[in-house]
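Working notes, structure below.
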Amino acid sequence: DKKGYPITFVIPGNNHHVAIYKDSKGNLHEHVCTFWHAVERKKYGIPVIIQNPKEVHDDLKQANKKVSNFLLNGLPNPEWKYVMSMQQNEMFILNMSKNKVEAIIRDKNYQLLSPHLYRVQKLTQGDYTFRNHLATRVDDKNSKFVKSFGCRATSANSLQKLNPIKVHINRLGEITDILEYIPESQSSLA
């Protein structure tokens, strides 16, 4: 306020999204964007989910914008190429090939996708937790429940082994589009 007293507070630790990028050698890298950093990006007209890191870095240099080191240090490497992003509650099909998913969506045979359809429950650096879309409760203490209805990846490479395919679900509950995916790893898929 005018007297210098804080009037609002933000918890800076909450994560807005995790973006996965690929470097020139084909290695995957995660980039965690906190909610605080997402707000800063928006404030400076930078896309919240950066799909072209080099373009963003170049635009900031050309515009000669005075941005904080906090913002600059929180941007992905300009040499990386965007692969996909994940946010809490987005829907993914795991452990199924893209070709098979496309065929099932085309045929509207959704019951075949049900065991493979997960929502992002939580995201932290190097730890992504997914819950099957039919899971009605969150019970991290019951390991049997987690194994039955959950799936977890602890790095970008272990995420790739799950073959995550981000999908759009319309208001009728139909999977209508494949939005993003990491190209399939060498693991065996359904």
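Ordering of the structure tokens sets the chain letters (A, B, ...), residue numbers begin anew at 1 in every chain, and ligands are numbered from 1 in the order given.
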Close residues, Asn73 of chain A itself excluded, 12 Å, only C-alpha atoms, min 2 positions apart in chain, as an MDAnalysis selection string: chainID A and resid 31:33 37 40:41 57 67:71 75:78
If you count only C-alpha atoms, which residues fall within 9 Å of Asp177 of chain A, apart from same-chain ones fewer than 3 positions away, as a short mmCIF file (atom, residue, chain, number, x, y, z; two decimals) with N, CA and C atoms, in the first residue's frame?
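As a result, selection.cif now contains:
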data_model
loop_
_atom_site.label_atom_id
_atom_site.label_comp_id
_atom_site.auth_asym_id
_atom_site.auth_seq_id
_atom_site.Cartn_x
_atom_site.Cartn_y
_atom_site.Cartn_z
N GLU A 102 -4.19 -43.03 -32.47
CA GLU A 102 -4.88 -42.37 -33.59
C GLU A 102 -5.99 -43.26 -34.17
N ILE A 105 -8.94 -43.40 -31.66
CA ILE A 105 -9.70 -42.14 -31.69
C ILE A 105 -10.54 -42.07 -32.95
N LYS A 166 -0.30 -36.26 -25.02
CA LYS A 166 -1.27 -35.31 -24.46
C LYS A 166 -2.48 -35.27 -25.39
N VAL A 167 -3.67 -35.40 -24.81
CA VAL A 167 -4.89 -35.43 -25.61
C VAL A 167 -5.87 -34.36 -25.15
N HIS A 168 -6.73 -33.97 -26.06
CA HIS A 168 -7.82 -33.03 -25.75
C HIS A 168 -9.09 -33.84 -25.57
N ILE A 169 -9.81 -33.54 -24.53
CA ILE A 169 -11.09 -34.20 -24.26
C ILE A 169 -12.17 -33.13 -24.30
#
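Nearest residue to Ala63 of chain A, choosing from A:Leu123, A:Ala103, A:Ile46, A:Ile7 and counting only C-alpha atoms: A:Ile46.
The neighbours of Leu117 of chain A here are the residues that come within 8 Å of it, using only C-alpha atoms and leaving out any residue fewer than 4 positions away in the same chain; they are A:Met91, A:Phe92, A:Ile93, A:Leu94, A:Leu113, A:Asn132, A:His133.
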Quick one: pull the distance between atom CA of Met84 of chain A and atom CA of Ala19 of chain A, Å, one decimal. 5.8 Å
Considering only alpha helix (DSSP H) as DSSP defines it on the backbone, what residues of chain A qualify? List them as a CSV table (one decimal) with all heavy atoms, in the first residue's frame.
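Saved as states-v8.csv:
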chain,number,residue,atom,x,y,z
A,35,PHE,N,4.7,-20.9,-10.8
A,35,PHE,CA,3.6,-20.0,-11.0
A,35,PHE,C,4.1,-18.5,-11.0
A,35,PHE,O,3.7,-17.7,-11.8
A,35,PHE,CB,2.5,-20.2,-9.9
A,35,PHE,CG,1.3,-19.2,-10.1
A,35,PHE,CD1,0.4,-19.5,-11.1
A,35,PHE,CD2,1.2,-18.1,-9.3
A,35,PHE,CE1,-0.7,-18.6,-11.3
A,35,PHE,CE2,0.1,-17.3,-9.5
A,35,PHE,CZ,-0.8,-17.5,-10.5
A,36,TRP,N,5.0,-18.2,-10.1
A,36,TRP,CA,5.6,-16.9,-10.0
A,36,TRP,C,6.3,-16.5,-11.3
A,36,TRP,O,6.1,-15.4,-11.8
A,36,TRP,CB,6.6,-16.8,-8.9
A,36,TRP,CG,7.2,-15.5,-8.6
A,36,TRP,CD1,8.3,-15.0,-9.2
A,36,TRP,CD2,6.7,-14.5,-7.8
A,36,TRP,NE1,8.6,-13.8,-8.8
A,36,TRP,CE2,7.6,-13.4,-7.9
A,36,TRP,CE3,5.6,-14.3,-7.0
A,36,TRP,CZ2,7.5,-12.2,-7.2
A,36,TRP,CZ3,5.5,-13.1,-6.3
A,36,TRP,CH2,6.4,-12.1,-6.4
A,37,HIS,N,7.0,-17.4,-11.9
A,37,HIS,CA,7.8,-17.1,-13.1
A,37,HIS,C,6.8,-17.0,-14.3
A,37,HIS,O,7.0,-16.2,-15.2
A,37,HIS,CB,8.8,-18.2,-13.4
A,37,HIS,CG,9.9,-17.7,-14.3
A,37,HIS,ND1,9.8,-17.8,-15.7
A,37,HIS,CD2,11.1,-17.2,-14.0
A,37,HIS,CE1,10.9,-17.3,-16.2
A,37,HIS,NE2,11.7,-16.9,-15.2
A,38,ALA,N,5.7,-17.8,-14.3
A,38,ALA,CA,4.7,-17.7,-15.3
A,38,ALA,C,4.0,-16.3,-15.3
A,38,ALA,O,3.8,-15.7,-16.4
A,38,ALA,CB,3.6,-18.7,-15.2
A,39,VAL,N,3.8,-15.7,-14.1
A,39,VAL,CA,3.2,-14.4,-14.0
A,39,VAL,C,4.3,-13.4,-14.6
A,39,VAL,O,3.9,-12.4,-15.3
A,39,VAL,CB,2.9,-14.1,-12.6
A,39,VAL,CG1,2.5,-12.6,-12.4
A,39,VAL,CG2,1.7,-14.9,-12.1
A,40,GLU,N,5.5,-13.5,-14.2
A,40,GLU,CA,6.6,-12.6,-14.7
A,40,GLU,C,6.6,-12.7,-16.3
A,40,GLU,O,6.8,-11.7,-16.9
A,40,GLU,CB,7.9,-13.0,-14.1
A,40,GLU,CG,8.1,-12.5,-12.7
A,40,GLU,CD,8.1,-11.0,-12.5
A,40,GLU,OE1,9.0,-10.4,-13.2
A,40,GLU,OE2,7.3,-10.5,-11.8
A,41,ARG,N,6.6,-13.9,-16.8
A,41,ARG,CA,6.6,-14.0,-18.3
A,41,ARG,C,5.4,-13.2,-18.9
A,41,ARG,O,5.6,-12.5,-19.9
A,41,ARG,CB,6.5,-15.5,-18.7
A,41,ARG,CG,7.8,-16.3,-18.4
A,41,ARG,CD,7.6,-17.7,-18.8
A,41,ARG,NE,8.8,-18.5,-18.5
A,41,ARG,CZ,8.9,-19.8,-18.8
A,41,ARG,NH1,8.0,-20.4,-19.5
A,41,ARG,NH2,10.0,-20.4,-18.4
A,42,LYS,N,4.3,-13.4,-18.4
A,42,LYS,CA,3.1,-12.7,-18.9
A,42,LYS,C,3.2,-11.2,-18.8
A,42,LYS,O,2.9,-10.5,-19.7
A,42,LYS,CB,1.8,-13.2,-18.1
A,42,LYS,CG,0.6,-13.0,-18.8
A,42,LYS,CD,0.4,-13.9,-19.9
A,42,LYS,CE,-1.0,-13.8,-20.5
A,42,LYS,NZ,-1.1,-14.4,-21.8
A,43,LYS,N,3.8,-10.8,-17.7
A,43,LYS,CA,4.0,-9.3,-17.4
A,43,LYS,C,4.8,-8.7,-18.5
A,43,LYS,O,4.6,-7.6,-18.9
A,43,LYS,CB,4.6,-9.2,-16.0
A,43,LYS,CG,4.8,-7.7,-15.6
A,43,LYS,CD,5.2,-7.7,-14.1
A,43,LYS,CE,6.6,-7.4,-13.9
A,43,LYS,NZ,7.0,-7.3,-12.5
A,53,PRO,N,12.4,-21.2,-27.7
A,53,PRO,CA,13.3,-20.5,-26.8
A,53,PRO,C,14.2,-19.4,-27.4
A,53,PRO,O,14.4,-18.3,-26.9
A,53,PRO,CB,14.1,-21.6,-26.1
A,53,PRO,CG,13.3,-22.8,-26.3
A,53,PRO,CD,12.5,-22.6,-27.5
A,54,LYS,N,14.7,-19.8,-28.6
A,54,LYS,CA,15.6,-18.9,-29.3
A,54,LYS,C,14.9,-17.6,-29.7
A,54,LYS,O,15.5,-16.5,-29.5
A,54,LYS,CB,16.2,-19.6,-30.5
A,54,LYS,CG,17.3,-18.7,-31.3
A,54,LYS,CD,18.0,-19.5,-32.3
A,54,LYS,CE,19.0,-18.8,-33.1
A,54,LYS,NZ,19.5,-17.5,-32.6
A,55,GLU,N,13.7,-17.7,-30.2
A,55,GLU,CA,13.0,-16.5,-30.6
A,55,GLU,C,12.7,-15.6,-29.4
A,55,GLU,O,12.8,-14.4,-29.5
A,55,GLU,CB,11.6,-17.0,-31.2
A,55,GLU,CG,10.8,-15.9,-31.8
A,55,GLU,CD,9.5,-16.4,-32.4
A,55,GLU,OE1,9.6,-17.0,-33.5
A,55,GLU,OE2,8.5,-16.2,-31.8
A,56,VAL,N,12.4,-16.2,-28.2
A,56,VAL,CA,12.1,-15.4,-27.0
A,56,VAL,C,13.4,-14.7,-26.6
A,56,VAL,O,13.4,-13.5,-26.3
A,56,VAL,CB,11.6,-16.3,-25.9
A,56,VAL,CG1,11.6,-15.6,-24.5
A,56,VAL,CG2,10.2,-16.8,-26.2
A,57,HIS,N,14.5,-15.4,-26.6
A,57,HIS,CA,15.8,-14.8,-26.2
A,57,HIS,C,16.1,-13.6,-27.2
A,57,HIS,O,16.5,-12.6,-26.8
A,57,HIS,CB,16.9,-15.8,-26.2
A,57,HIS,CG,16.9,-16.6,-24.9
A,57,HIS,ND1,17.6,-16.3,-23.8
A,57,HIS,CD2,16.3,-17.8,-24.6
A,57,HIS,CE1,17.4,-17.2,-22.9
A,57,HIS,NE2,16.6,-18.2,-23.4
A,58,ASP,N,16.0,-13.9,-28.5
A,58,ASP,CA,16.3,-12.9,-29.5
A,58,ASP,C,15.4,-11.7,-29.4
A,58,ASP,O,15.8,-10.5,-29.5
A,58,ASP,CB,16.2,-13.5,-30.9
A,58,ASP,CG,17.3,-14.5,-31.2
A,58,ASP,OD1,18.3,-14.5,-30.5
A,58,ASP,OD2,17.1,-15.2,-32.2
A,59,ASP,N,14.1,-11.9,-29.1
A,59,ASP,CA,13.1,-10.8,-29.0
A,59,ASP,C,13.5,-9.9,-27.8
A,59,ASP,O,13.4,-8.7,-27.8
A,59,ASP,CB,11.7,-11.3,-28.8
A,59,ASP,CG,11.1,-11.8,-30.1
A,59,ASP,OD1,11.7,-11.6,-31.2
A,59,ASP,OD2,10.0,-12.5,-30.0
A,60,LEU,N,13.9,-10.5,-26.7
A,60,LEU,CA,14.3,-9.8,-25.5
A,60,LEU,C,15.5,-8.9,-25.8
A,60,LEU,O,15.6,-7.8,-25.4
A,60,LEU,CB,14.5,-10.7,-24.3
A,60,LEU,CG,13.3,-11.3,-23.6
A,60,LEU,CD1,13.7,-12.3,-22.6
A,60,LEU,CD2,12.4,-10.2,-23.0
A,61,LYS,N,16.5,-9.5,-26.5
A,61,LYS,CA,17.7,-8.7,-26.9
A,61,LYS,C,17.4,-7.6,-27.8
A,61,LYS,O,17.8,-6.5,-27.6
A,61,LYS,CB,18.7,-9.6,-27.5
A,61,LYS,CG,19.4,-10.6,-26.6
A,61,LYS,CD,20.4,-11.5,-27.3
A,61,LYS,CE,20.9,-12.5,-26.3
A,61,LYS,NZ,21.7,-13.5,-27.0
A,62,GLN,N,16.6,-7.9,-28.8
A,62,GLN,CA,16.2,-6.8,-29.8
A,62,GLN,C,15.4,-5.7,-29.2
A,62,GLN,O,15.6,-4.5,-29.6
A,62,GLN,CB,15.5,-7.4,-31.0
A,62,GLN,CG,16.4,-8.3,-31.9
A,62,GLN,CD,15.6,-8.9,-33.0
A,62,GLN,OE1,14.4,-8.8,-33.1
A,62,GLN,NE2,16.3,-9.7,-33.9
A,63,ALA,N,14.5,-6.0,-28.4
A,63,ALA,CA,13.6,-5.0,-27.8
A,63,ALA,C,14.4,-4.2,-26.7
A,63,ALA,O,13.9,-3.2,-26.2
A,63,ALA,CB,12.4,-5.7,-27.2
A,69,ASN,N,17.1,-10.5,-13.7
A,69,ASN,CA,17.9,-11.7,-13.8
A,69,ASN,C,17.0,-12.9,-13.4
A,69,ASN,O,17.2,-14.0,-14.0
A,69,ASN,CB,19.1,-11.6,-13.0
A,69,ASN,CG,20.2,-10.7,-13.6
A,69,ASN,OD1,20.2,-10.6,-14.8
A,69,ASN,ND2,21.1,-10.2,-12.8
A,70,PHE,N,16.1,-12.7,-12.5
A,70,PHE,CA,15.2,-13.8,-12.1
A,70,PHE,C,14.4,-14.3,-13.4
A,70,PHE,O,14.3,-15.5,-13.6
A,70,PHE,CB,14.2,-13.3,-11.1
A,70,PHE,CG,13.1,-14.2,-10.8
A,70,PHE,CD1,13.3,-15.4,-10.0
A,70,PHE,CD2,11.8,-14.0,-11.3
A,70,PHE,CE1,12.2,-16.2,-9.8
A,70,PHE,CE2,10.7,-14.8,-11.1
A,70,PHE,CZ,11.0,-16.0,-10.3
A,71,LEU,N,13.9,-13.4,-14.2
A,71,LEU,CA,13.2,-13.8,-15.4
A,71,LEU,C,14.2,-14.4,-16.4
A,71,LEU,O,13.9,-15.5,-16.9
A,71,LEU,CB,12.5,-12.6,-16.0
A,71,LEU,CG,11.7,-12.9,-17.3
A,71,LEU,CD1,10.5,-13.8,-17.0
A,71,LEU,CD2,11.2,-11.6,-17.9
A,72,LEU,N,15.3,-13.8,-16.7
A,72,LEU,CA,16.2,-14.3,-17.6
A,72,LEU,C,16.7,-15.7,-17.2
A,72,LEU,O,16.9,-16.6,-18.1
A,72,LEU,CB,17.4,-13.4,-17.8
A,72,LEU,CG,17.1,-12.1,-18.5
A,72,LEU,CD1,18.3,-11.2,-18.5
A,72,LEU,CD2,16.7,-12.4,-20.0
A,73,ASN,N,17.1,-15.9,-16.0
A,73,ASN,CA,17.6,-17.2,-15.5
A,73,ASN,C,16.5,-18.3,-15.5
A,73,ASN,O,16.9,-19.5,-15.5
A,73,ASN,CB,18.2,-17.1,-14.1
A,73,ASN,CG,19.4,-16.2,-14.1
A,73,ASN,OD1,20.1,-16.0,-15.1
A,73,ASN,ND2,19.7,-15.6,-12.9
A,98,LYS,N,1.5,-44.0,-30.7
A,98,LYS,CA,0.7,-42.9,-31.3
A,98,LYS,C,-0.1,-43.4,-32.4
A,98,LYS,O,-1.3,-43.0,-32.5
A,98,LYS,CB,1.7,-41.8,-31.8
A,98,LYS,CG,1.0,-40.7,-32.4
A,98,LYS,CD,2.0,-39.6,-32.8
A,98,LYS,CE,1.2,-38.4,-33.5
A,98,LYS,NZ,1.1,-38.6,-34.9
A,99,ASN,N,0.4,-44.4,-33.2
A,99,ASN,CA,-0.4,-44.9,-34.3
A,99,ASN,C,-1.7,-45.6,-33.8
A,99,ASN,O,-2.8,-45.5,-34.3
A,99,ASN,CB,0.4,-45.8,-35.2
A,99,ASN,CG,1.4,-45.1,-36.0
A,99,ASN,OD1,1.3,-43.9,-36.2
A,99,ASN,ND2,2.5,-45.8,-36.3
A,100,LYS,N,-1.5,-46.4,-32.7
A,100,LYS,CA,-2.7,-47.1,-32.2
A,100,LYS,C,-3.7,-46.1,-31.6
A,100,LYS,O,-4.9,-46.3,-31.7
A,100,LYS,CB,-2.2,-48.1,-31.1
A,100,LYS,CG,-3.3,-49.0,-30.6
A,100,LYS,CD,-2.7,-50.2,-29.9
A,100,LYS,CE,-3.8,-51.2,-29.6
A,100,LYS,NZ,-3.3,-52.4,-29.0
A,101,VAL,N,-3.2,-45.1,-30.9
A,101,VAL,CA,-4.1,-44.1,-30.3
A,101,VAL,C,-4.9,-43.4,-31.4
A,101,VAL,O,-6.1,-43.2,-31.3
A,101,VAL,CB,-3.3,-43.1,-29.5
A,101,VAL,CG1,-4.2,-41.9,-29.0
A,101,VAL,CG2,-2.7,-43.8,-28.2
A,102,GLU,N,-4.2,-43.0,-32.5
A,102,GLU,CA,-4.9,-42.4,-33.6
A,102,GLU,C,-6.0,-43.3,-34.2
A,102,GLU,O,-7.1,-42.8,-34.4
A,102,GLU,CB,-3.9,-42.0,-34.7
A,102,GLU,CG,-3.0,-40.8,-34.3
A,102,GLU,CD,-1.9,-40.6,-35.3
A,102,GLU,OE1,-1.5,-41.6,-36.0
A,102,GLU,OE2,-1.4,-39.5,-35.4
A,103,ALA,N,-5.7,-44.6,-34.3
A,103,ALA,CA,-6.7,-45.5,-34.9
A,103,ALA,C,-7.9,-45.6,-33.9
A,103,ALA,O,-9.1,-45.6,-34.3
A,103,ALA,CB,-6.1,-46.8,-35.1
A,104,ILE,N,-7.6,-45.7,-32.6
A,104,ILE,CA,-8.7,-45.8,-31.6
A,104,ILE,C,-9.6,-44.6,-31.6
A,104,ILE,O,-10.8,-44.7,-31.6
A,104,ILE,CB,-8.1,-46.2,-30.2
A,104,ILE,CG1,-7.5,-47.6,-30.2
A,104,ILE,CG2,-9.2,-46.0,-29.2
A,104,ILE,CD1,-6.7,-47.9,-29.0
A,105,ILE,N,-8.9,-43.4,-31.7
A,105,ILE,CA,-9.7,-42.1,-31.7
A,105,ILE,C,-10.5,-42.1,-32.9
A,105,ILE,O,-11.7,-41.7,-32.9
A,105,ILE,CB,-8.7,-40.9,-31.6
A,105,ILE,CG1,-8.1,-40.9,-30.2
A,105,ILE,CG2,-9.5,-39.6,-31.9
A,105,ILE,CD1,-7.0,-39.8,-30.0
A,106,ARG,N,-9.9,-42.4,-34.1
A,106,ARG,CA,-10.7,-42.4,-35.3
A,106,ARG,C,-11.9,-43.3,-35.3
A,106,ARG,O,-13.0,-43.0,-35.8
A,106,ARG,CB,-9.7,-42.8,-36.5
A,106,ARG,CG,-10.3,-42.7,-37.9
A,106,ARG,CD,-9.3,-43.1,-39.0
A,106,ARG,NE,-8.7,-44.4,-38.7
A,106,ARG,CZ,-7.4,-44.5,-38.4
A,106,ARG,NH1,-6.6,-43.5,-38.2
A,106,ARG,NH2,-6.9,-45.7,-38.2
A,107,ASP,N,-11.8,-44.5,-34.7
A,107,ASP,CA,-12.8,-45.5,-34.6
A,107,ASP,C,-13.8,-45.2,-33.4
A,107,ASP,O,-14.8,-45.9,-33.2
A,107,ASP,CB,-12.3,-46.9,-34.5
A,107,ASP,CG,-11.5,-47.3,-35.7
A,107,ASP,OD1,-11.7,-46.7,-36.8
A,107,ASP,OD2,-10.7,-48.2,-35.6
A,143,SER,N,0.5,-47.9,-1.1
A,143,SER,CA,1.3,-48.2,-2.2
A,143,SER,C,0.5,-49.1,-3.2
A,143,SER,O,0.7,-49.0,-4.4
A,143,SER,CB,2.6,-48.9,-1.8
A,143,SER,OG,2.4,-50.1,-1.2
A,144,LYS,N,-0.4,-50.0,-2.7
A,144,LYS,CA,-1.2,-50.8,-3.6
A,144,LYS,C,-2.1,-49.9,-4.5
A,144,LYS,O,-2.2,-50.2,-5.7
A,144,LYS,CB,-2.0,-51.8,-2.8
A,144,LYS,CG,-2.8,-52.7,-3.7
A,144,LYS,CD,-3.7,-53.7,-2.8
A,144,LYS,CE,-4.5,-54.6,-3.7
A,144,LYS,NZ,-5.4,-55.4,-2.9
A,145,PHE,N,-2.6,-48.9,-3.9
A,145,PHE,CA,-3.5,-48.0,-4.7
A,145,PHE,C,-2.6,-47.2,-5.8
A,145,PHE,O,-3.1,-47.1,-6.9
A,145,PHE,CB,-4.2,-47.0,-3.8
A,145,PHE,CG,-5.0,-46.0,-4.5
A,145,PHE,CD1,-6.3,-46.3,-4.9
A,145,PHE,CD2,-4.5,-44.7,-4.8
A,145,PHE,CE1,-7.1,-45.4,-5.6
A,145,PHE,CE2,-5.3,-43.8,-5.5
A,145,PHE,CZ,-6.6,-44.1,-5.9
A,146,VAL,N,-1.5,-46.8,-5.4
A,146,VAL,CA,-0.6,-46.0,-6.3
A,146,VAL,C,-0.2,-46.9,-7.5
A,146,VAL,O,-0.3,-46.5,-8.6
A,146,VAL,CB,0.6,-45.5,-5.6
A,146,VAL,CG1,1.6,-44.9,-6.6
A,146,VAL,CG2,0.3,-44.4,-4.6
A,147,LYS,N,0.1,-48.2,-7.2
A,147,LYS,CA,0.5,-49.1,-8.3
A,147,LYS,C,-0.7,-49.4,-9.2
A,147,LYS,O,-0.5,-49.7,-10.3
A,147,LYS,CB,1.1,-50.4,-7.7
A,147,LYS,CG,2.5,-50.1,-7.1
A,147,LYS,CD,3.0,-51.4,-6.4
A,147,LYS,CE,4.3,-51.1,-5.7
A,147,LYS,NZ,4.8,-52.2,-4.9
A,148,SER,N,-1.9,-49.5,-8.6
A,148,SER,CA,-3.1,-49.8,-9.4
A,148,SER,C,-3.6,-48.7,-10.2
A,148,SER,O,-4.0,-48.9,-11.4
A,148,SER,CB,-4.2,-50.3,-8.5
A,148,SER,OG,-3.8,-51.4,-7.7
A,149,PHE,N,-3.6,-47.5,-9.7
A,149,PHE,CA,-4.2,-46.3,-10.4
A,149,PHE,C,-3.2,-45.2,-10.7
A,149,PHE,O,-3.7,-44.2,-11.3
A,149,PHE,CB,-5.3,-45.8,-9.5
A,149,PHE,CG,-6.5,-46.7,-9.4
A,149,PHE,CD1,-6.7,-47.5,-8.3
A,149,PHE,CD2,-7.4,-46.8,-10.5
A,149,PHE,CE1,-7.8,-48.4,-8.3
A,149,PHE,CE2,-8.5,-47.6,-10.4
A,149,PHE,CZ,-8.7,-48.4,-9.3
A,156,ALA,N,13.0,-36.9,-17.3
A,156,ALA,CA,12.4,-36.7,-18.7
A,156,ALA,C,12.6,-38.0,-19.5
A,156,ALA,O,11.8,-38.4,-20.3
A,156,ALA,CB,13.1,-35.6,-19.4
A,157,ASN,N,13.7,-38.7,-19.2
A,157,ASN,CA,13.9,-40.0,-19.9
A,157,ASN,C,13.0,-41.1,-19.5
A,157,ASN,O,12.5,-41.9,-20.3
A,157,ASN,CB,15.4,-40.4,-19.8
A,157,ASN,CG,16.3,-39.6,-20.6
A,157,ASN,OD1,16.0,-39.0,-21.6
A,157,ASN,ND2,17.5,-39.3,-20.0
A,158,SER,N,12.7,-41.1,-18.2
A,158,SER,CA,11.7,-42.1,-17.8
A,158,SER,C,10.3,-41.8,-18.2
A,158,SER,O,9.5,-42.6,-18.5
A,158,SER,CB,11.8,-42.4,-16.2
A,158,SER,OG,11.4,-41.2,-15.5
A,159,LEU,N,10.0,-40.5,-18.4
A,159,LEU,CA,8.8,-40.0,-18.9
A,159,LEU,C,8.7,-40.5,-20.4
A,159,LEU,O,7.6,-41.0,-20.8
A,159,LEU,CB,8.7,-38.5,-18.8
A,159,LEU,CG,7.4,-37.9,-19.4
A,159,LEU,CD1,6.2,-38.3,-18.6
A,159,LEU,CD2,7.5,-36.4,-19.5
A,160,GLN,N,9.7,-40.4,-21.1
A,160,GLN,CA,9.7,-40.8,-22.5
A,160,GLN,C,9.4,-42.3,-22.6
A,160,GLN,O,8.7,-42.7,-23.6
A,160,GLN,CB,11.1,-40.5,-23.2
A,160,GLN,CG,11.1,-40.9,-24.7
A,160,GLN,CD,12.4,-40.6,-25.3
A,160,GLN,OE1,13.4,-40.6,-24.7
A,160,GLN,NE2,12.3,-40.4,-26.6
A,161,LYS,N,9.9,-43.1,-21.7
A,161,LYS,CA,9.6,-44.5,-21.7
A,161,LYS,C,8.1,-44.8,-21.5
A,161,LYS,O,7.6,-45.9,-22.0
A,161,LYS,CB,10.4,-45.3,-20.7
A,161,LYS,CG,11.9,-45.3,-21.0
A,161,LYS,CD,12.7,-45.9,-19.9
A,161,LYS,CE,14.2,-45.8,-20.3
A,161,LYS,NZ,15.1,-46.2,-19.2
Which of segment 25-152 of chain A end up as strand (DSSP E) when DSSP is run on this backbone - answer as a ChimeraX atom specification? /A:28-34,81-86,91-93,117-124,127-132,150-152
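Residue nearest Gly173 of chain A, chosen from A:Lys65, A:His29, A:Lys3, A:Lys108 and counting only C-alpha atoms: A:Lys108.
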note - atom CA of Arg131 of chain A and atom CA of Tyr82 of chain A are separated by 24.8 Å
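Relative to atom CA of Tyr128 of chain A, atom CA of Asn95 of chain A is found at 15.0 Å.
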Neighbour list for Met86 of chain A as a PyMOL selection string, cut-off 8 Å, only C-alpha atoms, skip fewer than 5 positions in-chain: chain A and resi 17-19+120
Expected file contents, prior selection, all heavy atoms, as a short mmCIF file (atom, residue, chain, number, x, y, z; two decimals), in the first residue's frame:
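Written output follows (part_11.cif):
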data_model
loop_
_atom_site.label_atom_id
_atom_site.label_comp_id
_atom_site.auth_asym_id
_atom_site.auth_seq_id
_atom_site.Cartn_x
_atom_site.Cartn_y
_atom_site.Cartn_z
N HIS A 17 3.91 -25.27 -14.79
CA HIS A 17 4.03 -26.35 -15.78
C HIS A 17 5.46 -26.84 -15.85
O HIS A 17 6.38 -26.21 -15.32
CB HIS A 17 3.57 -25.87 -17.17
CG HIS A 17 4.50 -24.91 -17.84
ND1 HIS A 17 4.43 -23.55 -17.61
CD2 HIS A 17 5.51 -25.09 -18.71
CE1 HIS A 17 5.37 -22.94 -18.31
NE2 HIS A 17 6.05 -23.85 -18.99
N VAL A 18 5.62 -27.97 -16.49
CA VAL A 18 6.94 -28.49 -16.83
C VAL A 18 6.96 -28.61 -18.34
O VAL A 18 6.05 -29.18 -18.95
CB VAL A 18 7.20 -29.88 -16.19
CG1 VAL A 18 8.49 -30.49 -16.73
CG2 VAL A 18 7.26 -29.78 -14.68
N ALA A 19 7.99 -28.05 -18.96
CA ALA A 19 8.17 -28.19 -20.40
C ALA A 19 9.34 -29.12 -20.66
O ALA A 19 10.32 -29.11 -19.92
CB ALA A 19 8.43 -26.83 -21.04
N VAL A 120 -2.56 -35.55 -15.11
CA VAL A 120 -1.40 -35.14 -14.34
C VAL A 120 -1.88 -34.73 -12.96
O VAL A 120 -2.72 -33.85 -12.83
CB VAL A 120 -0.67 -33.96 -15.02
CG1 VAL A 120 0.50 -33.51 -14.17
CG2 VAL A 120 -0.21 -34.35 -16.42
#
